[in-house]
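Asker: What follows is my_file.pdb, PDB, C-alpha atoms.
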```pdb
ATOM      1  CA  MET S 922       2.316   3.429   6.147
ATOM      2  CA  SER S 923       1.216   3.313   9.732
ATOM      3  CA  VAL S 924       2.394  -0.201  10.309
ATOM      4  CA  GLU S 925       3.809  -0.508  13.787
ATOM      5  CA  THR S 926       0.367  -1.256  15.112
ATOM      6  CA  TYR S 927      -2.154  -3.368  16.903
ATOM      7  CA  LEU S 928      -5.858  -3.607  16.221
ATOM      8  CA  ALA S 929      -8.419  -2.183  18.556
ATOM      9  CA  PRO S 930     -10.095  -5.226  20.174
ATOM     10  CA  ASN S 931     -13.457  -6.289  18.773
ATOM     11  CA  VAL S 932     -13.439  -3.717  15.990
ATOM     12  CA  PRO S 933     -13.853  -5.445  12.611
ATOM     13  CA  ASN S 934     -12.242  -4.150   9.425
ATOM     14  CA  GLY S 935     -14.161  -1.258   7.881
ATOM     15  CA  SER S 936     -16.816  -1.206  10.603
ATOM     16  CA  ALA S 937     -18.604   1.921  11.711
ATOM     17  CA  ALA S 938     -17.016   1.515  15.143
ATOM     18  CA  ALA S 939     -13.543   1.484  13.622
ATOM     19  CA  GLN S 940     -14.304   4.564  11.532
ATOM     20  CA  SER S 941     -15.831   6.561  14.381
ATOM     21  CA  VAL S 942     -12.598   6.864  16.392
ATOM     22  CA  LEU S 943     -10.078   7.822  13.712
ATOM     23  CA  THR S 944      -7.450  10.387  14.625
ATOM     24  CA  PRO S 945      -8.400  13.803  13.156
ATOM     25  CA  ALA S 946      -6.430  14.988  10.160
ATOM     26  CA  ALA S 947      -5.358  18.176  11.923
ATOM     27  CA  LEU S 948      -3.251  16.087  14.298
ATOM     28  CA  ILE S 949      -1.375  14.243  11.547
ATOM     29  CA  SER S 950       1.292  15.560   9.214
ATOM     30  CA  ILE S 951       2.587  13.760   6.113
ATOM     31  CA  ASP S 952       5.223  14.770   3.603
ATOM     32  CA  TYR S 953       5.153  12.979   0.252
ATOM     33  CA  ILE S 954       8.426  13.211  -1.678
ATOM     34  CA  ASP S 955       8.586  12.427  -5.376
ATOM     35  CA  PRO S 956      11.173   9.703  -5.976
ATOM     36  CA  PRO S 957      14.263  10.588  -8.041
ATOM     37  CA  GLU S 958      14.036   9.646 -11.696
ATOM     38  CA  GLN S 959      16.376   6.670 -11.341
ATOM     39  CA  ILE S 960      14.042   4.916  -8.891
ATOM     40  CA  ALA S 961      10.694   6.088 -10.299
ATOM     41  CA  PRO S 962      10.006   2.635 -11.821
ATOM     42  CA  LEU S 963      10.603   1.099  -8.371
ATOM     43  CA  VAL S 964       8.964   3.557  -5.970
ATOM     44  CA  THR S 965       5.596   5.311  -6.149
ATOM     45  CA  THR S 966       6.426   7.779  -3.382
ATOM     46  CA  LEU S 967       8.785   8.442  -0.482
ATOM     47  CA  TYR S 968       7.089   9.643   2.689
ATOM     48  CA  HIS S 969       7.476  11.072   6.185
ATOM     49  CA  PHE S 970       4.552  10.597   8.613
ATOM     50  CA  ARG S 971       4.213  12.037  12.118
ATOM     51  CA  CYS S 972       1.605  12.348  14.828
ATOM     52  CA  ASP S 973       2.390  13.129  18.464
ATOM     53  CA  GLU S 974      -0.874  11.947  19.999
ATOM     54  CA  PRO S 975      -0.638   9.244  22.712
ATOM     55  CA  VAL S 976      -2.816   6.936  20.603
ATOM     56  CA  ILE S 977      -3.233   7.056  16.817
ATOM     57  CA  ARG S 978      -6.114   5.259  15.063
ATOM     58  CA  ASP S 979      -6.594   4.930  11.333
ATOM     59  CA  ILE S 980      -7.347   2.409   8.591
ATOM     60  CA  GLN S 981      -4.659   1.377   6.100
ATOM     61  CA  PRO S 982      -6.144   0.791   2.640
ATOM     62  CA  ALA S 983      -5.081  -2.315   0.742
ATOM     63  CA  ALA S 984      -1.577  -1.252  -0.136
ATOM     64  CA  ILE S 985       1.460  -2.068  -2.164
ATOM     65  CA  GLY S 986       4.635  -3.158  -0.354
ATOM     66  CA  GLN S 987       6.565  -0.647   1.714
ATOM     67  CA  VAL S 988       9.963  -0.210   3.306
ATOM     68  CA  CYS S 989       8.974   1.476   6.563
ATOM     69  CA  LEU S 990      11.105   2.753   9.453
ATOM     70  CA  PHE S 991       9.674   3.872  12.785
ATOM     71  CA  PRO S 992      11.781   6.116  15.028
ATOM     72  CA  TYR S 993       8.792   6.529  17.376
ATOM     73  CA  GLY S 994       5.670   4.423  17.988
ATOM     74  CA  THR S 995       5.130   0.875  19.193
ATOM     75  CA  GLY S 996       2.590  -1.901  18.800
ATOM     76  CA  GLU S 997       1.758  -4.731  16.440
ATOM     77  CA  ILE S 998      -0.507  -5.432  13.503
ATOM     78  CA  GLN S 999      -3.254  -8.055  13.403
ATOM     79  CA  PHE S1000      -4.408  -9.113   9.971
ATOM     80  CA  ALA S1001      -7.838 -10.317   8.908
ATOM     81  CA  ASP S1002      -6.864 -13.989   9.283
ATOM     82  CA  GLY S1003      -5.951 -13.396  12.934
ATOM     83  CA  ARG S1004      -2.172 -13.411  12.516
ATOM     84  CA  ARG S1005      -0.299 -10.839  14.565
ATOM     85  CA  ASP S1006       3.124  -9.464  13.665
ATOM     86  CA  PRO S1007       5.123  -7.446  16.197
ATOM     87  CA  ASN S1008       6.451  -4.018  15.363
ATOM     88  CA  HIS S1009       9.915  -3.710  13.871
ATOM     89  CA  ALA S1010      11.726  -0.379  13.990
ATOM     90  CA  VAL S1011      13.193  -1.206  10.568
ATOM     91  CA  GLY S1012      10.300  -2.931   8.842
ATOM     92  CA  LEU S1013       9.014  -4.304   5.573
ATOM     93  CA  LEU S1014       5.249  -4.227   5.025
ATOM     94  CA  THR S1015       4.292  -6.774   2.411
ATOM     95  CA  PRO S1016       1.452  -6.040  -0.051
ATOM     96  CA  LEU S1017      -1.945  -5.911   1.681
ATOM     97  CA  SER S1018      -4.932  -7.754   0.270
ATOM     98  CA  ARG S1019      -7.527  -5.732   2.191
ATOM     99  CA  ALA S1020      -7.931  -2.667   4.406
ATOM    100  CA  THR S1021      -6.549  -3.052   7.924
ATOM    101  CA  PRO S1022      -7.467  -0.946  10.991
ATOM    102  CA  ILE S1023      -4.459   0.315  12.931
ATOM    103  CA  VAL S1024      -3.923   1.657  16.439
ATOM    104  CA  VAL S1025      -0.491   2.869  17.547
ATOM    105  CA  ASP S1026       0.876   3.899  20.914
ATOM    106  CA  GLY S1027       2.342   7.296  20.091
ATOM    107  CA  PRO S1028       3.971   9.553  19.449
ATOM    108  CA  PHE S1029       4.232   7.914  16.050
ATOM    109  CA  HIS S1030       6.712   8.903  13.358
ATOM    110  CA  ALA S1031       7.568   6.943  10.216
ATOM    111  CA  PHE S1032       9.489   7.367   6.985
ATOM    112  CA  GLY S1033      10.125   5.106   4.045
ATOM    113  CA  ALA S1034       9.182   4.170   0.496
ATOM    114  CA  ALA S1035       6.105   2.667  -1.155
ATOM    115  CA  LEU S1036       7.169   0.137  -3.788
ATOM    116  CA  THR S1037       5.700  -0.562  -7.202
ATOM    117  CA  PRO S1038       5.142  -4.252  -8.036
ATOM    118  CA  PHE S1039       8.338  -4.081 -10.098
ATOM    119  CA  GLY S1040      10.163  -2.419  -7.197
ATOM    120  CA  TRP S1041       8.929  -5.079  -4.781
ATOM    121  CA  ALA S1042      10.337  -7.801  -7.010
ATOM    122  CA  ALA S1043      13.633  -6.023  -7.720
ATOM    123  CA  LEU S1044      14.308  -5.187  -4.079
ATOM    124  CA  THR S1045      12.969  -8.198  -2.173
ATOM    125  CA  GLY S1046      12.753 -11.080  -4.626
ATOM    126  CA  LEU S1047       9.790 -12.352  -2.591
ATOM    127  CA  HIS S1048       6.639 -13.906  -4.046
ATOM    128  CA  ALA S1049       4.093 -11.183  -3.219
ATOM    129  CA  GLY S1050       1.187 -13.629  -3.005
ATOM    130  CA  GLN S1051       2.939 -16.031  -0.638
ATOM    131  CA  HIS S1052       4.100 -13.216   1.631
ATOM    132  CA  ARG S1053       1.180 -10.798   1.487
ATOM    133  CA  ASP S1054      -0.368  -9.348   4.646
ATOM    134  CA  ARG S1055       2.763  -9.448   6.792
ATOM    135  CA  LEU S1056       4.967  -7.033   8.690
ATOM    136  CA  LEU S1057       8.502  -8.395   8.619
ATOM    137  CA  PRO S1058      11.834  -7.230  10.047
ATOM    138  CA  ALA S1059      13.433  -5.698   6.979
ATOM    139  CA  ALA S1060      16.833  -7.242   7.703
ATOM    140  CA  SER S1061      15.332 -10.736   7.360
ATOM    141  CA  VAL S1062      14.659  -9.981   3.685
ATOM    142  CA  LEU S1063      16.992  -7.144   2.711
ATOM    143  CA  GLY S1064      19.987  -8.298   4.736
ATOM    144  CA  GLU S1065      21.812  -7.217   7.874
ATOM    145  CA  ALA S1066      23.458  -4.363   5.987
ATOM    146  CA  PHE S1067      20.044  -2.744   5.573
ATOM    147  CA  GLY S1068      19.253  -3.420   9.230
ATOM    148  CA  ALA S1069      22.378  -1.520  10.284
ATOM    149  CA  PHE S1070      21.711   1.198   7.730
ATOM    150  CA  GLY S1071      18.158   1.584   9.011
ATOM    151  CA  GLU S1072      19.224   1.774  12.644
ATOM    152  CA  ALA S1073      21.703   4.526  11.748
ATOM    153  CA  LEU S1074      18.913   6.460  10.012
ATOM    154  CA  LEU S1075      16.653   6.064  13.046
ATOM    155  CA  GLN S1076      19.377   7.404  15.327
ATOM    156  CA  ALA S1077      20.024  10.346  12.998
ATOM    157  CA  TYR S1078      16.296  11.152  12.986
ATOM    158  CA  ARG S1079      15.964  10.891  16.775
ATOM    159  CA  SER S1080      18.994  13.098  17.347
ATOM    160  CA  GLY S1081      17.676  15.706  14.926
ATOM    161  CA  THR S1082      20.744  15.569  12.683
ATOM    162  CA  THR S1083      18.737  14.325   9.673
ATOM    163  CA  SER S1084      15.195  15.358   8.730
ATOM    164  CA  GLY S1085      12.387  12.918   7.993
ATOM    165  CA  PRO S1086      12.292  13.740   4.264
ATOM    166  CA  ASP S1087      16.064  13.322   4.035
ATOM    167  CA  CYS S1088      15.810   9.960   5.827
ATOM    168  CA  ALA S1089      13.178   8.910   3.279
ATOM    169  CA  ARG S1090      15.478   9.994   0.454
ATOM    170  CA  SER S1091      18.240   7.880   1.986
ATOM    171  CA  VAL S1092      15.905   4.885   1.875
ATOM    172  CA  GLY S1093      15.369   5.664  -1.803
ATOM    173  CA  ASP S1094      19.139   5.767  -2.327
ATOM    174  CA  PHE S1095      19.449   2.314  -0.739
ATOM    175  CA  ILE S1096      16.772   0.985  -3.075
ATOM    176  CA  ALA S1097      18.609   2.434  -6.087
ATOM    177  CA  ARG S1098      21.843   0.727  -5.022
ATOM    178  CA  ASN S1099      20.341  -2.631  -4.168
ATOM    179  CA  ALA S1100      17.573  -3.288  -6.715
ATOM    180  CA  ARG S1101      18.275  -6.460  -8.655
ATOM    181  CA  PRO S1102      17.462  -7.283 -12.273
ATOM    182  CA  VAL S1103      14.056  -8.828 -12.958
ATOM    183  CA  ASN S1104      13.416 -11.291 -15.782
ATOM    184  CA  PRO S1105      12.699  -9.045 -18.824
ATOM    185  CA  ARG S1106       9.672 -11.139 -19.837
ATOM    186  CA  HIS S1107       8.305 -10.757 -16.332
ATOM    187  CA  VAL S1108       8.817  -6.997 -16.564
ATOM    188  CA  GLU S1109       6.867  -7.062 -19.827
ATOM    189  CA  LEU S1110       4.073  -8.924 -18.048
ATOM    190  CA  ILE S1111       4.029  -6.455 -15.128
ATOM    191  CA  ILE S1112       3.644  -3.594 -17.601
ATOM    192  CA  ALA S1113       0.900  -5.456 -19.461
ATOM    193  CA  VAL S1114      -0.990  -6.091 -16.215
ATOM    194  CA  GLY S1115      -0.757  -2.402 -15.298
ATOM    195  CA  ARG S1116      -2.254  -1.439 -18.644
ATOM    196  CA  TRP S1117      -4.917  -4.115 -18.289
ATOM    197  CA  LEU S1118      -5.928  -2.823 -14.852
ATOM    198  CA  GLY S1119      -6.049   0.766 -16.052
ATOM    199  CA  ALA S1120      -8.107   0.087 -19.169
ATOM    200  CA  SER S1121     -11.396  -0.600 -17.422
ATOM    201  CA  PHE S1122     -13.070  -0.842 -14.037
ATOM    202  CA  ASN S1123     -13.895  -4.460 -14.896
ATOM    203  CA  PRO S1124     -11.122  -5.710 -17.200
ATOM    204  CA  ASP S1125     -11.698  -9.074 -18.878
ATOM    205  CA  ILE S1126      -9.312 -11.687 -17.507
ATOM    206  CA  ALA S1127      -9.273 -13.354 -20.919
ATOM    207  CA  ASP S1128      -7.484 -10.255 -22.239
ATOM    208  CA  LEU S1129      -4.404 -11.226 -20.218
ATOM    209  CA  SER S1130      -4.043 -14.586 -21.936
ATOM    210  CA  GLY S1131      -0.912 -14.529 -24.049
ATOM    211  CA  ALA S1132       0.534 -11.456 -22.315
ATOM    212  CA  ALA S1133       4.333 -11.476 -22.666
ATOM    213  CA  GLY S1134       3.948 -14.818 -24.441
ATOM    214  CA  TYR S1135       2.586 -16.643 -21.390
ATOM    215  CA  SER S1136      -0.349 -19.034 -21.222
ATOM    216  CA  ALA S1137      -3.425 -18.193 -19.142
ATOM    217  CA  ARG S1138      -2.230 -20.502 -16.342
ATOM    218  CA  GLN S1139       1.247 -18.966 -16.335
ATOM    219  CA  VAL S1140      -0.236 -15.476 -16.281
ATOM    220  CA  GLN S1141      -2.355 -16.445 -13.274
ATOM    221  CA  ARG S1142       0.713 -17.584 -11.344
ATOM    222  CA  LEU S1143       2.910 -14.651 -12.316
ATOM    223  CA  VAL S1144       0.298 -12.009 -11.539
ATOM    224  CA  GLU S1145      -0.014 -13.354  -8.002
ATOM    225  CA  ARG S1146       3.765 -13.529  -7.699
ATOM    226  CA  TYR S1147       4.263  -9.866  -8.549
ATOM    227  CA  PHE S1148       1.009  -8.212  -7.457
ATOM    228  CA  GLY S1149       0.034 -10.337  -4.449
ATOM    229  CA  LEU S1150      -3.370 -11.418  -5.749
ATOM    230  CA  PRO S1151      -4.536 -13.500  -8.727
ATOM    231  CA  PRO S1152      -6.006 -11.515 -11.638
ATOM    232  CA  ARG S1153      -9.635 -11.641 -10.494
ATOM    233  CA  GLY S1154      -8.832 -10.491  -6.956
ATOM    234  CA  LEU S1155      -6.400  -7.876  -8.259
ATOM    235  CA  ALA S1156      -9.056  -6.429 -10.553
ATOM    236  CA  ARG S1157     -11.469  -6.204  -7.603
ATOM    237  CA  LYS S1158      -8.859  -4.422  -5.486
ATOM    238  CA  TYR S1159      -8.030  -1.785  -8.084
ATOM    239  CA  ARG S1160     -11.659  -1.305  -9.058
ATOM    240  CA  ALA S1161     -12.379  -0.359  -5.434
ATOM    241  CA  LEU S1162      -9.280   1.833  -5.113
ATOM    242  CA  ARG S1163      -9.988   3.659  -8.376
ATOM    243  CA  ALA S1164     -13.648   4.176  -7.489
ATOM    244  CA  ALA S1165     -12.638   5.469  -4.047
ATOM    245  CA  ALA S1166     -10.109   7.872  -5.575
ATOM    246  CA  LEU S1167     -12.814   9.339  -7.839
ATOM    247  CA  LEU S1168     -15.431   9.491  -5.087
ATOM    248  CA  SER S1169     -13.014  11.274  -2.736
ATOM    249  CA  ALA S1170     -12.479  14.130  -5.225
ATOM    250  CA  PRO S1171     -14.291  17.440  -4.558
ATOM    251  CA  HIS S1172     -16.253  17.099  -7.801
ATOM    252  CA  LEU S1173     -17.300  13.920  -9.602
ATOM    253  CA  ALA S1174     -17.608  14.251 -13.358
ATOM    254  CA  PRO S1175     -20.822  12.783 -14.825
ATOM    255  CA  GLU S1176     -18.849  10.333 -16.968
ATOM    256  CA  ASP S1177     -16.935   9.094 -13.900
ATOM    257  CA  GLU S1178     -20.161   8.733 -11.937
ATOM    258  CA  SER S1179     -21.605   6.670 -14.772
ATOM    259  CA  ALA S1180     -18.475   4.505 -15.021
ATOM    260  CA  ILE S1181     -18.560   3.786 -11.277
ATOM    261  CA  SER S1182     -22.265   2.909 -11.415
ATOM    262  CA  GLU S1183     -21.659   0.462 -14.236
ATOM    263  CA  ALA S1184     -18.638  -1.106 -12.509
ATOM    264  CA  PHE S1185     -20.623  -2.631  -9.629
ATOM    265  CA  PHE S1186     -23.748  -4.778  -9.489
ATOM    266  CA  ASP S1187     -25.536  -2.241  -7.313
ATOM    267  CA  GLN S1188     -24.872   0.314  -4.598
ATOM    268  CA  PRO S1189     -24.586  -2.231  -1.728
ATOM    269  CA  HIS S1190     -21.992  -4.112  -3.791
ATOM    270  CA  MET S1191     -19.991  -0.916  -4.288
ATOM    271  CA  ILE S1192     -20.161  -0.082  -0.586
ATOM    272  CA  ARG S1193     -18.986  -3.573   0.435
ATOM    273  CA  GLU S1194     -16.094  -3.575  -2.018
ATOM    274  CA  ILE S1195     -14.842  -0.111  -1.091
ATOM    275  CA  ALA S1196     -15.154  -0.889   2.626
ATOM    276  CA  HIS S1197     -13.242  -4.171   2.120
ATOM    277  CA  PHE S1198     -10.303  -2.671   0.242
ATOM    278  CA  VAL S1199     -10.279   0.954   1.416
ATOM    279  CA  GLY S1200     -11.756   0.674   4.899
ATOM    280  CA  ARG S1201     -14.319   3.449   4.514
ATOM    281  CA  THR S1202     -17.831   3.648   3.195
ATOM    282  CA  PRO S1203     -18.277   5.899   0.139
ATOM    283  CA  ALA S1204     -20.057   8.485   2.269
ATOM    284  CA  ARG S1205     -16.834   9.066   4.239
ATOM    285  CA  LEU S1206     -14.358   9.128   1.375
ATOM    286  CA  SER S1207     -14.393  12.924   1.039
ATOM    287  CA  ASP S1208     -14.632  13.560   4.786
ATOM    288  CA  PRO S1209     -11.937  16.196   5.554
ATOM    289  CA  SER S1210     -11.521  14.788   9.073
ATOM    290  CA  LEU S1211     -10.021  11.548   7.748
ATOM    291  CA  PRO S1212      -6.246  11.472   8.164
ATOM    292  CA  TYR S1213      -4.348  10.387   5.069
ATOM    293  CA  LEU S1214      -6.894   8.493   2.995
ATOM    294  CA  ALA S1215      -6.891  10.970   0.119
ATOM    295  CA  GLU S1216      -3.130  10.668  -0.233
ATOM    296  CA  MET S1217      -3.120   6.866   0.022
ATOM    297  CA  ILE S1218      -5.603   6.481  -2.820
ATOM    298  CA  ASP S1219      -4.262   9.391  -4.857
ATOM    299  CA  SER S1220      -3.645   8.489  -8.491
ATOM    300  CA  ARG S1221       0.129   8.662  -8.043
ATOM    301  CA  ASN S1222      -0.115   5.729  -5.634
ATOM    302  CA  LEU S1223      -1.934   3.809  -8.351
ATOM    303  CA  ARG S1224       0.783   4.681 -10.847
ATOM    304  CA  GLU S1225       1.265   1.050 -11.845
ATOM    305  CA  LEU S1226      -2.083   1.338 -13.623
ATOM    306  CA  ARG S1227      -0.445   3.650 -16.118
ATOM    307  CA  SER S1228       2.734   1.647 -16.720
TER     308      SER S1228
END
```
Could you render the structure as structure tokens?
Answerer:
Amino acid sequence: MSVETYLAPNVPNGSAAAQSVLTPAALISIDYIDPPEQIAPLVTTLYHFRCDEPVIRDIQPAAIGQVCLFPYGTGEIQFADGRRDPNHAVGLLTPLSRATPIVVDGPFHAFGAALTPFGWAALTGLHAGQHRDRLLPAASVLGEAFGAFGEALLQAYRSGTTSGPDCARSVGDFIARNARPVNPRHVELIIAVGRWLGASFNPDIADLSGAAGYSARQVQRLVERYFGLPPRGLARKYRALRAAALLSAPHLAPEDESAISEAFFDQPHMIREIAHFVGRTPARLSDPSLPYLAEMIDSRNLRELRS
């Protein structure tokens, strides 16, 4: 969610240096708002984030797409391939393929909506794989009407006439009004992929062949279109996110510990994968000083796995 950002120079993704300077949790406040029933298939959560420090540092886990508005906070985001996108007060964060360190000139406030793969398609119509790892001006995708709508929300927030949670709900209302139909067979495929991801830490790609009546090659293309990564990369991403969610819990059940152990080649492999997609090493996943990691990898934000 913290998107209006620039990377700290010479600090690689997931590195110990990046993790050692994160803003303490006590200085950050986040409200998560359950989406109304009519947009639950489109939105995993609505949110309101705020931190009034002069500089905010954190690591954004590999995420689904987000509509994100920033009444306060400036900067830019630099992705792993070196591309840099400037901040946009009314922004659209495309699906992320890996964890990304963030540093924001504060105070930093944000509100918006995290989109399911179905919601991303219905709202934006963009190919998630071709547009992943970008921060775009929302009006360039959602239209000038949303740009004007977003600016009005920002002004209402700054003036104190509308609260952050109510601004986030207004974003949800816009999504409900503007979501477009998605090909029913594609919807069937999205649901099948969610079930496939949730069935195992290491789902067999061959099991997707024939999903929604599509060939293996068609499935490959459509999975990247809607989820941002081809099946193999997508399975890696959710394996790491699911393992991180379990490891961040106060207590790890023996059966979950066994499942995680069997999901990776060895411990170094697990550490590399979690650091790549989550931005932390397993030892830091349950660290109470980390800002919003536990919320970002909470099971509700992996809800597409239970579609």
Asker: Going by the chain IDs and residue numbers used in this file, which residues fall under the PyMOL selection byres ((chain S and resi 1029) around 9)? Write them as a ChimeraX atom specification.
Answerer: /S:923,925,970-977,991-995,1025-1028,1030-1031
Asker: For a test of reading the model, state the distance in Å between atom CA of Gly1200 of chain S and atom CA of Asp979 of chain S, rounded to one decimal.
Answerer: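 Here the two named atoms are 9.3 Å from each other.
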Asker: Can you tell me, as a PyMOL selection string, what residues are no more than 8 Å from Thr1015 of chain S when counting only C-alpha atoms, ignoring any on the same chain fewer than 4 positions away?
Answerer: chain S and resi 985-987+1049+1052-1057
Asker: Could you jot down the atom CA of Ala1034 of chain S to atom CA of Thr965 of chain S separation for me, Å, one decimal place?
Answerer: 7.6 Å
Asker: How many Å lie between atom CA of Tyr1159 of chain S and atom CA of Ile1192 of chain S, rounded to one decimal?
Answerer: 14.4 Å
Asker: Step by step, work through what the PyMOL selection byres ((chain S and resi 1060) around 10) selects in the shown file, and finish by giving those residues as an MDAnalysis selection string.
Answerer: chainID S and resid 1009 1011:1013 1057:1059 1061:1071
Asker: Counting all atoms listed in the file, which of S:Ala1089, S:Ala983, S:Ala1161, S:Ala1042 gets nearest to Ile951 of chain S?
Answerer: S:Ala1089
Asker: Just so the selection is clear, what residues does the PyMOL selection byres ((chain S and resi 1116-1132) around 6) cover here, as a PyMOL selection string?
Answerer: chain S and resi 1113-1115+1133-1137+1160+1184+1226-1227
Asker: Which residues, protein or nucleic acid, reach to within 12 Å of (6.5, 21.4, 1.1) in the file's coordinates when using all atoms listed in the file, and can you give that as a PDB file with C-alpha atoms, in the frame of the given file?
Answerer:
```
ATOM      1  CA  SER S 950       1.292  15.560   9.214  1.00  0.00           C
ATOM      2  CA  ILE S 951       2.587  13.760   6.113  1.00  0.00           C
ATOM      3  CA  ASP S 952       5.223  14.770   3.603  1.00  0.00           C
ATOM      4  CA  TYR S 953       5.153  12.979   0.252  1.00  0.00           C
ATOM      5  CA  ILE S 954       8.426  13.211  -1.678  1.00  0.00           C
ATOM      6  CA  ASP S 955       8.586  12.427  -5.376  1.00  0.00           C
ATOM      7  CA  TYR S 968       7.089   9.643   2.689  1.00  0.00           C
ATOM      8  CA  HIS S 969       7.476  11.072   6.185  1.00  0.00           C
ATOM      9  CA  PRO S1086      12.292  13.740   4.264  1.00  0.00           C
TER      10      PRO S1086
END
```
Asker: Between S:Val1092, S:Ala1165, S:Gln1139, S:Tyr1147, which is the closest to Leu1047 of chain S once you count only C-alpha atoms?
Answerer: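 Among the listed residues, S:Tyr1147 lies closest to Leu1047 of chain S.
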Asker: With distances taken over all atoms listed in the file, which of S:Leu963, S:Leu1017, S:Ile998, S:Val1024 is nearest to Arg1101 of chain S?
Answerer: S:Leu963
Asker: For a quick check of your reading of the model, name the residues lying within 7 Å of the coordinate (-6.7, 3.1, 5.2), counting all atoms listed in the file, and write them as a list in words.
Answerer: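 Those within range, by chain then number, are Asp979, Ile980, Gln981, Pro982, Ala1020, Thr1021, Val1199, Gly1200 and Leu1214 of chain S.
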Asker: For each of S:Ala984, S:His1172, S:Arg1201, S:Ser1080, take the minimum atom-to-atom distance to Leu943 of chain S, counting only C-alpha atoms, then give the residue where this is smallest.
Answerer: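 Closest candidate: S:Arg1201.
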Asker: Neighbouring residues of Asn1099 of chain S were defined as those with any atom within 9 Å, considering only C-alpha atoms; residues of the same chain fewer than 5 positions away were excluded. Please report them as a ChimeraX atom specification.
Answerer: /S:1043-1044,1063,1094
Asker: For each of S:Ala1035, S:Ala1170, S:Ala1164, S:Ala1100, take the minimum atom-to-atom distance to Ser1182 of chain S, counting only C-alpha atoms, then give the residue where this is smallest.
Answerer: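 Between S:Ala1035, S:Ala1170, S:Ala1164, S:Ala1100, the residue approaching Ser1182 of chain S most closely is S:Ala1164.
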Asker: Which residue is closest to Phe1039 of chain S? Choose from S:Ala1010, S:Leu1074, S:Leu1110, S:Cys989 and count all atoms listed in the file.
Answerer: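 Residue with the minimum atom-to-atom distance to Phe1039 of chain S: S:Leu1110.
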